[in-house]
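> This is my_file.csv, which holds CSV, C-alpha atoms and all ligand atoms:
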chain,number,residue,atom,x,y,z
A,1,MET,CA,39.4,-44.5,-54.3
A,2,HIS,CA,39.6,-44.9,-58.1
A,3,ARG,CA,40.6,-48.4,-59.2
A,4,LEU,CA,41.4,-50.0,-62.6
A,5,TYR,CA,39.8,-53.3,-63.4
A,6,CYS,CA,41.8,-55.8,-65.5
A,7,GLU,CA,39.4,-58.0,-67.5
A,8,LYS,CA,42.1,-60.5,-68.5
A,9,TYR,CA,43.1,-61.4,-64.9
A,10,ALA,CA,39.8,-60.4,-63.3
A,11,TYR,CA,41.2,-58.2,-60.5
A,12,SER,CA,41.3,-54.5,-59.8
A,13,VAL,CA,44.2,-52.4,-58.6
A,14,SER,CA,44.4,-48.8,-57.3
A,15,ILE,CA,45.6,-46.2,-59.8
A,16,SER,CA,48.6,-45.3,-57.7
A,17,LYS,CA,49.6,-49.0,-57.5
A,18,PHE,CA,49.0,-49.3,-61.2
A,19,SER,CA,51.3,-46.3,-62.0
A,20,GLN,CA,53.9,-47.7,-59.7
A,21,LEU,CA,53.8,-51.1,-61.5
A,22,PHE,CA,54.0,-49.4,-64.8
A,23,SER,CA,57.1,-47.4,-64.0
A,24,THR,CA,58.8,-50.3,-62.3
A,25,LEU,CA,58.3,-52.5,-65.3
A,26,ASN,CA,59.2,-49.7,-67.7
A,27,LEU,CA,55.9,-50.1,-69.6
A,28,LYS,CA,54.4,-47.6,-71.9
A,29,PHE,CA,50.9,-47.2,-73.3
A,30,LYS,CA,50.7,-47.9,-77.1
A,31,LYS,CA,48.8,-45.3,-79.0
A,32,PRO,CA,45.2,-46.5,-79.7
A,33,LYS,CA,44.9,-47.5,-83.3
A,34,ILE,CA,42.1,-45.3,-84.5
A,35,ASP,CA,41.9,-45.8,-88.2
A,36,THR,CA,38.4,-46.5,-89.3
A,37,CYS,CA,36.3,-44.9,-92.1
A,38,HIS,CA,32.7,-44.5,-93.1
A,39,LYS,CA,32.7,-47.9,-94.7
A,40,CYS,CA,34.2,-49.6,-91.6
A,41,ASP,CA,31.6,-47.8,-89.3
A,42,LEU,CA,28.7,-48.7,-91.7
A,43,LEU,CA,29.8,-52.4,-91.9
A,44,GLN,CA,30.2,-52.6,-88.1
A,45,CYS,CA,26.7,-51.2,-87.6
A,46,LYS,CA,25.3,-53.7,-90.2
A,47,ILE,CA,27.1,-56.6,-88.4
A,48,GLN,CA,25.6,-55.7,-85.1
A,49,VAL,CA,22.0,-56.0,-86.4
A,50,ALA,CA,22.6,-58.6,-89.1
A,51,LYS,CA,20.4,-61.7,-89.4
A,52,PRO,CA,22.5,-64.9,-89.0
A,53,GLU,CA,22.3,-65.7,-92.7
A,54,GLU,CA,23.8,-62.2,-93.6
A,55,LEU,CA,26.6,-62.3,-91.0
A,56,ASP,CA,29.2,-64.3,-93.0
A,57,SER,CA,29.1,-62.1,-96.1
A,58,LEU,CA,29.3,-58.9,-94.1
A,59,GLN,CA,32.2,-60.2,-92.0
A,60,LEU,CA,34.0,-61.2,-95.2
A,61,GLU,CA,33.4,-57.8,-96.7
A,62,GLN,CA,34.8,-56.2,-93.5
A,63,SER,CA,37.9,-58.4,-93.4
A,64,LYS,CA,38.6,-57.8,-97.1
A,65,HIS,CA,38.4,-54.0,-96.7
A,66,VAL,CA,40.6,-54.0,-93.5
A,67,ASN,CA,43.1,-56.3,-95.2
A,68,LEU,CA,43.4,-54.0,-98.3
A,69,ALA,CA,44.0,-51.0,-96.0
A,70,GLU,CA,46.7,-52.9,-94.1
A,71,LYS,CA,48.3,-54.1,-97.3
A,72,ALA,CA,48.5,-50.6,-98.6
A,73,TYR,CA,50.2,-49.4,-95.3
A,74,ASP,CA,52.6,-52.4,-95.6
A,75,ALA,CA,53.4,-51.4,-99.2
A,76,LYS,CA,54.3,-47.9,-98.1
A,77,GLN,CA,56.4,-49.3,-95.2
A,78,ASN,CA,58.2,-51.7,-97.5
A,79,ASP,CA,58.9,-48.9,-100.0
A,80,LYS,CA,60.2,-46.7,-97.2
A,81,GLN,CA,62.6,-49.4,-96.0
A,82,ARG,CA,63.9,-49.8,-99.6
A,83,ALA,CA,64.4,-46.1,-99.9
A,84,LEU,CA,66.5,-46.1,-96.7
A,85,ALA,CA,68.9,-48.5,-98.3
A,86,ASP,CA,68.8,-47.1,-101.9
A,87,ALA,CA,69.7,-43.4,-102.6
A,88,THR,CA,68.3,-43.7,-106.1
A,89,LEU,CA,64.8,-44.4,-104.8
A,90,LYS,CA,62.7,-41.5,-103.4
A,91,VAL,CA,59.5,-42.4,-101.4
A,92,LEU,CA,57.3,-39.5,-100.8
A,93,CYS,CA,53.8,-38.8,-99.5
A,94,PHE,CA,51.8,-35.7,-100.0
A,95,ASP,CA,48.5,-34.1,-98.9
A,96,LEU,CA,46.9,-30.7,-98.3
A,97,GLN,CA,46.5,-29.5,-94.8
A,98,GLN,CA,43.2,-28.1,-93.5
A,99,CYS,CA,43.0,-24.4,-94.5
A,100,LEU,CA,44.8,-22.0,-92.1
A,101,PRO,CA,42.8,-18.9,-91.1
A,102,THR,CA,44.4,-15.6,-91.7
A,103,PRO,CA,44.5,-13.4,-89.7
A,104,LEU,CA,44.6,-16.0,-86.8
A,105,LEU,CA,42.3,-14.7,-84.1
A,106,ARG,CA,42.2,-15.9,-80.6
A,107,THR,CA,38.9,-14.2,-79.6
A,108,SER,CA,35.3,-15.2,-80.2
A,109,LEU,CA,35.4,-13.0,-83.3
A,110,SER,CA,36.9,-16.0,-85.1
A,111,PHE,CA,33.6,-17.9,-84.9
A,112,TYR,CA,31.6,-15.5,-87.0
A,113,LYS,CA,34.1,-13.7,-89.2
A,114,ARG,CA,35.3,-15.3,-92.5
A,115,PRO,CA,39.1,-15.3,-92.6
A,116,LEU,CA,41.3,-15.3,-95.7
A,117,TRP,CA,42.5,-18.9,-96.1
A,118,THR,CA,46.2,-19.8,-96.3
A,119,PHE,CA,46.9,-23.2,-98.0
A,120,ASN,CA,49.7,-25.7,-97.4
A,121,LEU,CA,50.5,-28.9,-99.4
A,122,THR,CA,53.1,-30.9,-97.5
A,123,MET,CA,55.5,-33.3,-99.4
A,124,HIS,CA,57.2,-35.6,-97.0
A,125,ASP,CA,60.3,-37.6,-97.9
A,126,CYS,CA,59.7,-40.9,-96.0
A,127,ALA,CA,63.4,-41.8,-95.9
A,128,SER,CA,65.0,-38.5,-94.8
A,129,ASN,CA,61.9,-37.4,-92.9
A,130,GLN,CA,62.2,-33.9,-94.5
A,131,ALA,CA,58.9,-32.1,-94.8
A,132,SER,CA,58.6,-29.6,-97.6
A,133,CYS,CA,55.6,-27.3,-97.4
A,134,TYR,CA,54.2,-25.6,-100.5
A,135,MET,CA,52.2,-22.6,-99.4
A,136,TRP,CA,50.0,-19.9,-100.9
A,137,HIS,CA,46.8,-18.1,-100.1
A,138,GLU,CA,43.3,-17.6,-101.5
A,139,ALA,CA,44.1,-14.5,-103.5
A,140,ILE,CA,47.0,-16.3,-105.3
A,141,ALA,CA,45.3,-19.5,-106.4
A,142,LYS,CA,42.5,-22.0,-105.5
A,143,ARG,CA,43.3,-25.5,-104.0
A,144,GLY,CA,42.3,-27.9,-106.8
A,145,GLY,CA,44.0,-30.3,-109.1
A,146,ASN,CA,46.1,-27.6,-110.9
A,147,GLU,CA,47.5,-26.3,-107.7
A,148,ILE,CA,48.3,-29.7,-106.2
A,149,ALA,CA,49.9,-30.9,-109.5
A,150,SER,CA,51.9,-27.6,-109.6
A,151,CYS,CA,53.3,-28.1,-106.1
A,152,VAL,CA,54.3,-31.7,-106.9
A,153,PHE,CA,55.7,-30.6,-110.2
A,154,ASP,CA,57.8,-27.9,-108.4
A,155,TYR,CA,59.1,-30.6,-106.0
A,156,LEU,CA,60.0,-33.0,-108.9
A,157,LEU,CA,61.9,-30.2,-110.8
A,158,THR,CA,64.1,-29.6,-107.8
A,159,LEU,CA,64.8,-33.3,-107.1
A,160,ASN,CA,68.4,-34.4,-106.4
A,161,THR,CA,70.0,-35.9,-109.6
A,162,ASN,CA,70.5,-39.2,-107.8
A,163,ALA,CA,66.8,-39.9,-107.9
A,164,LYS,CA,65.9,-42.5,-110.6
A,165,HIS,CA,62.8,-44.0,-109.2
A,166,VAL,CA,60.2,-41.9,-107.4
A,167,VAL,CA,57.3,-43.5,-105.5
A,168,LEU,CA,54.5,-41.1,-104.3
A,169,TYR,CA,51.6,-42.0,-101.9
A,170,SER,CA,48.5,-40.0,-101.6
A,171,ASP,CA,44.8,-40.4,-100.8
A,172,SER,CA,42.3,-40.7,-103.6
A,173,CYS,CA,40.6,-37.3,-103.4
A,174,PRO,CA,39.3,-37.0,-107.0
A,175,GLY,CA,39.4,-33.1,-107.0
A,176,GLN,CA,43.0,-32.9,-105.7
A,177,ASN,CA,45.2,-36.0,-106.0
A,178,LYS,CA,43.6,-38.5,-108.3
A,179,ASN,CA,42.6,-36.9,-111.6
A,180,SER,CA,43.8,-36.4,-115.2
A,181,PHE,CA,45.5,-33.1,-114.2
A,182,ILE,CA,48.0,-34.7,-111.9
A,183,ALA,CA,48.4,-37.7,-114.2
A,184,THR,CA,49.1,-35.2,-117.1
A,185,MET,CA,51.7,-33.4,-114.9
A,186,PHE,CA,53.6,-36.7,-114.2
A,187,ALA,CA,53.5,-37.6,-117.9
A,188,ILE,CA,54.9,-34.2,-118.9
A,189,PHE,CA,57.6,-34.4,-116.2
A,190,MET,CA,58.8,-37.7,-117.6
A,191,GLN,CA,59.2,-36.1,-121.1
A,192,PHE,CA,61.7,-33.6,-119.7
A,193,LYS,CA,65.4,-34.4,-119.6
A,194,ASN,CA,66.1,-35.6,-116.1
A,195,ASN,CA,67.4,-38.7,-114.4
A,196,VAL,CA,64.1,-40.1,-113.3
A,197,ASP,CA,63.2,-43.3,-115.1
A,198,ILE,CA,60.1,-44.3,-113.2
A,199,ILE,CA,57.4,-42.5,-111.2
A,200,ASP,CA,54.9,-44.6,-109.3
A,201,HIS,CA,51.8,-42.9,-107.8
A,202,LYS,CA,50.1,-45.3,-105.3
A,203,PHE,CA,46.8,-44.6,-103.6
A,204,LEU,CA,46.0,-45.6,-100.1
A,205,VAL,CA,42.6,-47.1,-99.3
A,206,PRO,CA,39.9,-44.4,-98.9
A,207,GLY,CA,39.3,-43.8,-95.2
A,208,HIS,CA,42.7,-45.4,-94.2
A,209,THR,CA,45.1,-42.7,-95.5
A,210,HIS,CA,47.2,-41.8,-92.5
A,211,MET,CA,50.6,-40.7,-93.8
A,212,GLU,CA,53.7,-38.9,-92.5
A,213,CYS,CA,52.5,-35.6,-93.9
A,214,ASP,CA,49.4,-35.9,-91.7
A,215,SER,CA,51.7,-36.1,-88.7
A,216,ASP,CA,53.4,-32.9,-90.0
A,217,HIS,CA,50.0,-31.3,-90.2
A,218,ALA,CA,49.1,-32.4,-86.7
A,219,LEU,CA,52.3,-30.9,-85.4
A,220,ILE,CA,51.5,-27.6,-87.1
A,221,GLU,CA,48.0,-27.6,-85.6
A,222,LYS,CA,49.4,-28.4,-82.2
A,223,ARG,CA,51.9,-25.5,-82.4
A,224,LYS,CA,49.2,-23.3,-83.8
A,225,LYS,CA,47.1,-23.8,-80.6
A,226,LEU,CA,50.1,-23.1,-78.3
A,227,THR,CA,51.7,-20.2,-80.1
A,228,SER,CA,51.4,-16.5,-79.1
A,229,THR,CA,53.1,-15.5,-82.4
A,230,LYS,CA,51.1,-12.8,-84.2
A,231,ILE,CA,49.7,-14.2,-87.5
A,232,HIS,CA,48.2,-11.3,-89.4
A,233,HIS,CA,49.3,-12.2,-93.0
A,234,PRO,CA,49.8,-15.4,-95.0
A,235,ARG,CA,53.6,-14.6,-94.8
A,236,ASP,CA,53.4,-15.0,-91.0
A,237,TRP,CA,52.1,-18.5,-91.5
A,238,TYR,CA,55.1,-19.2,-93.9
A,239,GLN,CA,57.5,-17.9,-91.3
A,240,PHE,CA,55.8,-19.7,-88.4
A,241,ILE,CA,55.9,-23.1,-90.2
A,242,ARG,CA,59.6,-22.6,-90.9
A,243,THR,CA,60.1,-22.8,-87.1
A,244,ILE,CA,58.4,-26.2,-86.8
A,245,GLY,CA,59.8,-29.7,-87.1
A,246,VAL,CA,60.8,-32.6,-84.9
A,247,THR,CA,64.3,-33.5,-86.1
A,248,LYS,CA,64.4,-31.3,-89.2
A,249,LYS,CA,62.7,-27.9,-89.6
A,250,PHE,CA,60.0,-27.8,-92.3
A,251,VAL,CA,61.1,-26.2,-95.5
A,252,VAL,CA,58.6,-23.7,-96.8
A,253,ASN,CA,58.2,-22.9,-100.5
A,254,GLU,CA,56.1,-19.9,-101.3
A,255,MET,CA,54.0,-20.6,-104.4
A,256,ALA,CA,53.4,-17.6,-106.7
A,257,GLN,CA,50.9,-17.5,-109.6
A,258,SER,CA,53.9,-18.0,-112.0
A,259,ASN,CA,54.4,-21.5,-110.4
A,260,ILE,CA,50.7,-22.6,-110.9
A,261,TYR,CA,50.4,-24.3,-114.3
A,262,ASP,CA,47.1,-25.1,-116.1
A,263,PHE,CA,47.5,-28.9,-116.3
A,264,ALA,CA,43.7,-29.1,-117.1
A,265,HIS,CA,44.4,-27.3,-120.3
A,266,ALA,CA,47.5,-29.5,-121.0
A,267,SER,CA,45.4,-32.6,-120.3
A,268,LYS,CA,42.9,-31.6,-123.0
A,269,ASN,CA,45.2,-30.1,-125.5
A,270,LEU,CA,48.5,-32.1,-125.3
A,271,PHE,CA,47.1,-35.6,-124.6
A,272,THR,CA,44.1,-37.8,-125.3
A,273,TRP,CA,42.9,-39.6,-122.3
A,274,ARG,CA,41.2,-42.6,-123.9
A,275,LYS,CA,38.4,-44.3,-122.0
A,276,VAL,CA,39.7,-47.8,-122.8
A,277,ASP,CA,43.1,-49.4,-122.1
A,278,ASP,CA,45.4,-50.9,-124.7
A,279,SER,CA,43.5,-54.1,-124.7
A,280,GLY,CA,40.2,-52.3,-125.5
A,281,GLU,CA,38.9,-52.7,-121.9
A,282,LYS,CA,37.1,-49.8,-120.2
A,283,TYR,CA,38.8,-48.6,-117.1
A,284,SER,CA,37.7,-46.2,-114.3
A,285,LEU,CA,40.1,-43.9,-112.4
A,286,ILE,CA,38.2,-44.9,-109.2
A,287,ASP,CA,39.4,-48.5,-109.5
A,288,ILE,CA,43.0,-47.6,-110.2
A,289,LYS,CA,45.4,-48.0,-107.1
A,290,TRP,CA,48.7,-47.6,-108.9
A,291,LEU,CA,49.8,-45.4,-111.8
A,292,ARG,CA,53.2,-45.8,-113.4
A,293,TYR,CA,54.9,-43.3,-115.7
A,294,THR,CA,58.1,-44.1,-117.6
A,295,LYS,CA,60.2,-42.4,-120.3
A,296,GLU,CA,58.0,-44.1,-123.0
A,297,THR,CA,56.2,-41.1,-124.4
A,298,GLY,CA,52.4,-41.4,-124.3
A,299,ASN,CA,52.3,-44.6,-122.2
A,300,VAL,CA,50.8,-44.7,-118.7
A,301,TYR,CA,50.6,-48.0,-116.8
A,302,PHE,CA,48.1,-48.9,-114.1
A,303,LYS,CA,47.0,-51.6,-111.7
A,304,LYS,CA,43.8,-52.0,-109.7
A,305,SER,CA,45.8,-53.1,-106.6
A,306,LEU,CA,49.2,-52.4,-104.9
A,307,ASN,CA,50.2,-56.0,-105.4
A,308,GLU,CA,53.7,-56.1,-106.9
A,309,GLU,CA,52.9,-59.4,-108.7
A,310,GLU,CA,49.9,-58.1,-110.6
A,311,PRO,CA,50.8,-57.2,-114.2
A,312,PHE,CA,50.4,-53.5,-115.3
A,313,LYS,CA,47.8,-52.6,-117.9
A,314,LEU,CA,48.6,-49.8,-120.4
A,315,ILE,CA,46.8,-46.6,-121.4
A,316,ASN,CA,48.0,-44.8,-124.5
A,317,ILE,CA,47.5,-41.0,-124.0
A,318,SER,CA,49.5,-39.7,-126.9
A,319,LYS,CA,47.8,-37.1,-129.1
A,320,ARG,CA,48.2,-37.2,-132.9
A,321,GLY,CA,50.8,-34.7,-134.0
A,322,ILE,CA,52.3,-34.1,-130.6
A,323,ASN,CA,55.5,-36.0,-130.0
A,324,CYS,CA,57.1,-34.1,-127.1
A,325,VAL,CA,55.9,-31.5,-124.6
A,326,ARG,CA,58.2,-28.7,-123.5
A,327,MET,CA,58.1,-26.4,-120.5
A,328,THR,CA,57.0,-23.6,-122.9
A,329,ASP,CA,53.9,-25.6,-123.9
A,330,LEU,CA,52.6,-25.1,-120.4
A,331,LYS,CA,50.3,-22.2,-119.7
A,332,ILE,CA,50.1,-20.4,-116.4
A,333,CYS,CA,46.8,-20.9,-114.7
A,334,TYR,CA,46.0,-17.3,-113.5
A,335,ASP,CA,46.9,-13.9,-114.8
A,336,ALA,CA,45.2,-11.8,-112.1
A,337,PRO,CA,44.7,-12.1,-108.4
A,338,ILE,CA,41.8,-14.4,-107.4
A,339,LYS,CA,38.7,-12.5,-106.3
A,340,ILE,CA,37.2,-13.3,-102.9
A,341,GLY,CA,33.6,-13.0,-101.9
A,342,THR,CA,32.2,-9.6,-100.9
A,343,LYS,CA,31.0,-10.9,-97.5
A,344,LYS,CA,34.4,-12.3,-96.8
A,345,LYS,CA,36.0,-9.0,-97.8
A,346,GLN,CA,33.7,-7.1,-95.4
A,347,ASP,CA,34.6,-9.6,-92.6
A,348,LEU,CA,38.3,-9.0,-93.2
A,349,LEU,CA,37.8,-5.3,-93.2
A,350,ASP,CA,35.9,-5.6,-89.8
A,351,MET,CA,39.0,-7.4,-88.5
A,352,LEU,CA,41.4,-4.7,-89.5
A,353,PRO,CA,41.5,-2.9,-86.1
A,354,ILE,CA,43.4,-5.9,-84.8
A,355,VAL,CA,45.8,-6.3,-87.8
A,356,ASP,CA,49.2,-4.7,-87.8
A,357,GLU,CA,49.3,-1.4,-89.7
A,358,VAL,CA,51.7,-2.7,-92.3
A,359,TYR,CA,49.3,-5.4,-93.4
A,360,LYS,CA,46.1,-3.3,-93.7
A,361,PRO,CA,46.7,-2.4,-97.4
A,362,PHE,CA,46.9,-6.1,-98.3
A,363,TYR,CA,43.4,-6.7,-97.0
A,364,ILE,CA,42.0,-3.3,-98.3
A,365,ASN,CA,43.3,-4.1,-101.8
A,366,LEU,CA,41.8,-7.7,-102.1
A,367,ALA,CA,39.7,-7.9,-105.3
A,368,THR,CA,36.1,-9.1,-104.8
A,369,GLU,CA,33.3,-10.8,-106.7
A,370,GLU,CA,29.7,-11.2,-105.7
A,371,HIS,CA,29.3,-15.0,-105.2
A,372,LEU,CA,28.6,-17.4,-102.4
A,373,ASP,CA,31.4,-17.6,-99.9
A,374,CYS,CA,32.0,-21.2,-99.2
A,375,HIS,CA,34.7,-22.9,-97.1
A,376,PRO,CA,37.2,-24.6,-99.3
A,377,ASP,CA,37.5,-27.6,-96.9
A,378,LEU,CA,33.8,-28.4,-97.5
A,379,THR,CA,34.2,-28.8,-101.2
A,380,GLU,CA,36.5,-31.8,-101.2
A,381,SER,CA,35.6,-35.5,-101.0
A,382,ASP,CA,37.5,-38.7,-100.9
A,383,GLU,CA,36.3,-41.9,-102.5
A,384,THR,CA,34.9,-43.1,-99.2
A,385,ASN,CA,31.8,-44.5,-100.7
A,386,GLU,CA,33.5,-47.0,-103.0
B,401,ZN,ZN,37.6,-48.6,-93.4
Just dump the structure as C-alpha cells.
Ligand SMILES: [Zn+2]

Amino acid sequence: MHRLYCEKYAYSVSISKFSQLFSTLNLKFKKPKIDTCHKCDLLQCKIQVAKPEELDSLQLEQSKHVNLAEKAYDAKQNDKQRALADATLKVLCFDLQQCLPTPLLRTSLSFYKRPLWTFNLTMHDCASNQASCYMWHEAIAKRGGNEIASCVFDYLLTLNTNAKHVVLYSDSCPGQNKNSFIATMFAIFMQFKNNVDIIDHKFLVPGHTHMECDSDHALIEKRKKLTSTKIHHPRDWYQFIRTIGVTKKFVVNEMAQSNIYDFAHASKNLFTWRKVDDSGEKYSLIDIKWLRYTKETGNVYFKKSLNEEEPFKLINISKRGINCVRMTDLKICYDAPIKIGTKKKQDLLDMLPIVDEVYKPFYINLATEEHLDCHPDLTESDETNE
C-alpha cells in the first residue's frame, strides 16, 4: 500500500487515511511557490559547490535578489489595495501572451507546419479584475515596442474620466515594455487634455514577473487545450477569447493598422532622449525600476528601485522648438499589410484543405517576402542576466 511519510513528525500514514484526515480537518494544499529565475538557479548551483570562504557572499547576493523580487510583489499588492479604496487610482498590469497559432490544428500536422500567428496583449485592471485583450495578427503588425505602446495608448485613451493616477506594472523586456518607444507614448499621452495627472510605470524584477495578466493567459491556454471550437482565422481567436473569464468575460479589442502608431519615429523626432539626467549623471534604462510621467512637459522622473522613500531623479526629454505634441503629429506605423515568409505561406496553403471555405481567400491573398521565417516568441528577451 502507498504511504505518505511526514518528515516533521517522523511517521507514515496510508494515502486513504491521509485523505480522510484532510477532509475532516478541512485542509487544502497551498499551491507550490514556483517563482525562480535563471539568476536564482545559477546562484543555487554556485552555493551547492561553493568553497566555505565564498558561501557568505553568494548567500547574501541570493537573499538580496529574492528580497527585491518580494518587495516588488509587495509594492504591486499595496498599490492594488489602494486602488480598491480609491476610484481615482488605476492599477494595471500588462503583458503579451505567447503567440496563438492560426489555424489551430489538433493533428500532428501542427508540429511541422508554420501557422500564422495571432497576438494578444492583455491589460488587467488589478482592482476590478477586468482583463482587456488587444489582439491582432502577423499580417497586420509585428509584436515590438510600437505595437505594445499602441495597445497601452489605446487603453489610456479610453480610460474612465475618474482616473487621475495610473500605475502600470510590467516586466522589463527591452524590445517590448521597457524602451524609449513606450516612454515616448506615456510622455505624449500626458500632453493631451485628460484628467490623468500622474502615470507610474513600475518594473518587476526580471525572472519574478508573475502578474494577473499571466493568469489570464494561463486560463486562455487551458481553455485552448479543452475547446473543440474551430479556430481557422484570427477572428475566431478574438471570438473565442470573448467567451473566457472567471468572474468577468475578457474584453477583446481588435487592433487595426490605423491603431498602430510609430512611437519610434516620435521618440526620435519629437523628443531628445538625453543620456544624462538633470544632475549630469549618466543613467541606463536597465537600472531604472520606476518611471513617472506628469503634466510637466518634457520632464520624465525615474528611480532605480520601487522604494516609495527614494527621491526621483529627472530626465529632460524636451526637443528645442517643440512645445506640445498633438494626435496629428503621430504617424501610423504601417501603410500596407505585413509580408510573411514564403515558406510559411506554403505551409498555410498546405493547410487549406482543413480550413473553412470562407477563410481560404484570406490565406491565399497573404503577401509574401523571401526571408527567414522565425518564431516571434524566440526573438524576445527579458533582462534576466542583470
Ligand atoms: Zn530570481
> Rounded to one decimal place, report the CA of Asp329 (chain A)-CA of Ala266 (chain A) distance in Å.
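Pair CA of Asp329 (chain A) / CA of Ala266 (chain A) returns 8.0 Å.
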> Let me see if you get this right: every residue at most 7 Å from ligand ZN 401 (chain B), counting all atoms listed in the file, written as a list in words.
Thr36, Cys37, His38, Lys39, Cys40, His65, Val66, Gly207 and His208 of chain A
> Grab the residues selected above and save them as a PDB file, keeping the file's coordinate frame with C-alpha atoms.

ATOM      1  CA  THR A  36      38.400 -46.500 -89.300  1.00  0.00           C
ATOM      2  CA  CYS A  37      36.300 -44.900 -92.100  1.00  0.00           C
ATOM      3  CA  HIS A  38      32.700 -44.500 -93.100  1.00  0.00           C
ATOM      4  CA  LYS A  39      32.700 -47.900 -94.700  1.00  0.00           C
ATOM      5  CA  CYS A  40      34.200 -49.600 -91.600  1.00  0.00           C
ATOM      6  CA  HIS A  65      38.400 -54.000 -96.700  1.00  0.00           C
ATOM      7  CA  VAL A  66      40.600 -54.000 -93.500  1.00  0.00           C
ATOM      8  CA  GLY A 207      39.300 -43.800 -95.200  1.00  0.00           C
ATOM      9  CA  HIS A 208      42.700 -45.400 -94.200  1.00  0.00           C
TER      10      HIS A 208
END
> Please list as a ChimeraX atom specification every residue within 8 Å of Asp197 (chain A), counting all atoms listed in the file and excluding residues in the same chain fewer than 3 positions away.
/A:164-165,190,294-295
> Excluding Gly144 (chain A) and residues on its chain fewer than 4 positions from it, collect all residues at most 8 Å away from it, counting only C-alpha atoms, and give them as a short mmCIF file (atom, residue, chain, number, x, y, z; two decimals) with C-alpha atoms, in the frame of the given file.

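This is the output file part19.cif:
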data_model
loop_
_atom_site.label_atom_id
_atom_site.label_comp_id
_atom_site.auth_asym_id
_atom_site.auth_seq_id
_atom_site.Cartn_x
_atom_site.Cartn_y
_atom_site.Cartn_z
CA ILE A 148 48.30 -29.70 -106.20
CA GLY A 175 39.40 -33.10 -107.00
CA GLN A 176 43.00 -32.90 -105.70
#
> Go ahead and compute the interatomic distance for CA of Ser318 (chain A) and CA of Ile286 (chain A), in Å to one decimal.
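Separation between CA of Ser318 (chain A) and CA of Ile286 (chain A): 21.6 Å.
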> Using only C-alpha atoms, determine which residues lie at most 9 Å from Ala75 (chain A), disregarding the query and same-chain residues fewer than 5 positions distant; provide the list as a PyMOL selection string.
chain A and resi 70+80+306-307
> Generate the output file for the selected residues, C-alpha atoms, as a CSV table (one decimal), in the coordinates of the input.

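Saved result, again35.csv, follows:
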chain,number,residue,atom,x,y,z
A,70,GLU,CA,46.7,-52.9,-94.1
A,80,LYS,CA,60.2,-46.7,-97.2
A,306,LEU,CA,49.2,-52.4,-104.9
A,307,ASN,CA,50.2,-56.0,-105.4
> Tell me which of A:Lys64, A:His232, A:Lys289, A:Lys249 sits closest to Leu219 (chain A), counting all atoms listed in the file.
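Of A:Lys64, A:His232, A:Lys289, A:Lys249, the one nearest Leu219 (chain A) is A:Lys249, counting all atoms listed in the file.
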> Calculate how many Å separate CA of Phe263 (chain A) from CA of Lys142 (chain A), rounding to one decimal.
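Atom-to-atom, CA of Phe263 (chain A) and CA of Lys142 (chain A) are spaced 13.8 Å apart.
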> Which residues come within 12 Å of Leu55 (chain A), counting all atoms listed in the file, excluding same-chain residues fewer than 6 positions away, as a PyMOL selection string?
chain A and resi 43-49+61-62
> Go through A:Cys126, A:Leu58, A:Thr229, A:Arg274 and flag the residue nearest Leu42 (chain A), using all atoms listed in the file for the distances.
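The closest residue to Leu42 (chain A) is A:Leu58.
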> Could you give me, as JSON, numbers by chain, the residues within 10 Å of Ala336 (chain A), counting all atoms listed in the file and dropping anything in the same chain fewer than 6 positions from it?
{"A": [139, 140, 141, 257, 367]}
> For region 50-61 of chain A, supply N, CA and C atoms and report the output as an mmCIF file, keeping the file's coordinate frame.

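Written file, selection30.cif:
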data_model
loop_
_atom_site.group_PDB
_atom_site.id
_atom_site.type_symbol
_atom_site.label_atom_id
_atom_site.label_comp_id
_atom_site.auth_asym_id
_atom_site.auth_seq_id
_atom_site.Cartn_x
_atom_site.Cartn_y
_atom_site.Cartn_z
ATOM 1 N N ALA A 50 22.763 -57.672 -87.941
ATOM 2 C CA ALA A 50 22.600 -58.600 -89.100
ATOM 3 C C ALA A 50 21.814 -59.868 -88.652
ATOM 4 N N LYS A 51 21.050 -60.411 -89.617
ATOM 5 C CA LYS A 51 20.400 -61.700 -89.400
ATOM 6 C C LYS A 51 21.518 -62.772 -89.561
ATOM 7 N N PRO A 52 21.384 -63.935 -88.923
ATOM 8 C CA PRO A 52 22.500 -64.900 -89.000
ATOM 9 C C PRO A 52 22.911 -65.259 -90.391
ATOM 10 N N GLU A 53 21.958 -65.307 -91.344
ATOM 11 C CA GLU A 53 22.300 -65.700 -92.700
ATOM 12 C C GLU A 53 23.114 -64.564 -93.444
ATOM 13 N N GLU A 54 23.064 -63.324 -92.892
ATOM 14 C CA GLU A 54 23.800 -62.200 -93.600
ATOM 15 C C GLU A 54 25.189 -62.008 -92.969
ATOM 16 N N LEU A 55 25.389 -62.607 -91.788
ATOM 17 C CA LEU A 55 26.600 -62.300 -91.000
ATOM 18 C C LEU A 55 27.896 -62.655 -91.750
ATOM 19 N N ASP A 56 27.943 -63.861 -92.367
ATOM 20 C CA ASP A 56 29.200 -64.300 -93.000
ATOM 21 C C ASP A 56 29.642 -63.349 -94.115
ATOM 22 N N SER A 57 28.685 -62.945 -94.980
ATOM 23 C CA SER A 57 29.100 -62.100 -96.100
ATOM 24 C C SER A 57 29.535 -60.719 -95.630
ATOM 25 N N LEU A 58 28.863 -60.204 -94.581
ATOM 26 C CA LEU A 58 29.300 -58.900 -94.100
ATOM 27 C C LEU A 58 30.653 -58.951 -93.420
ATOM 28 N N GLN A 59 30.882 -60.039 -92.668
ATOM 29 C CA GLN A 59 32.200 -60.200 -92.000
ATOM 30 C C GLN A 59 33.307 -60.356 -93.048
ATOM 31 N N LEU A 60 32.972 -61.051 -94.149
ATOM 32 C CA LEU A 60 34.000 -61.200 -95.200
ATOM 33 C C LEU A 60 34.292 -59.911 -95.872
ATOM 34 N N GLU A 61 33.238 -59.106 -96.113
ATOM 35 C CA GLU A 61 33.400 -57.800 -96.700
ATOM 36 C C GLU A 61 34.314 -56.913 -95.823
#
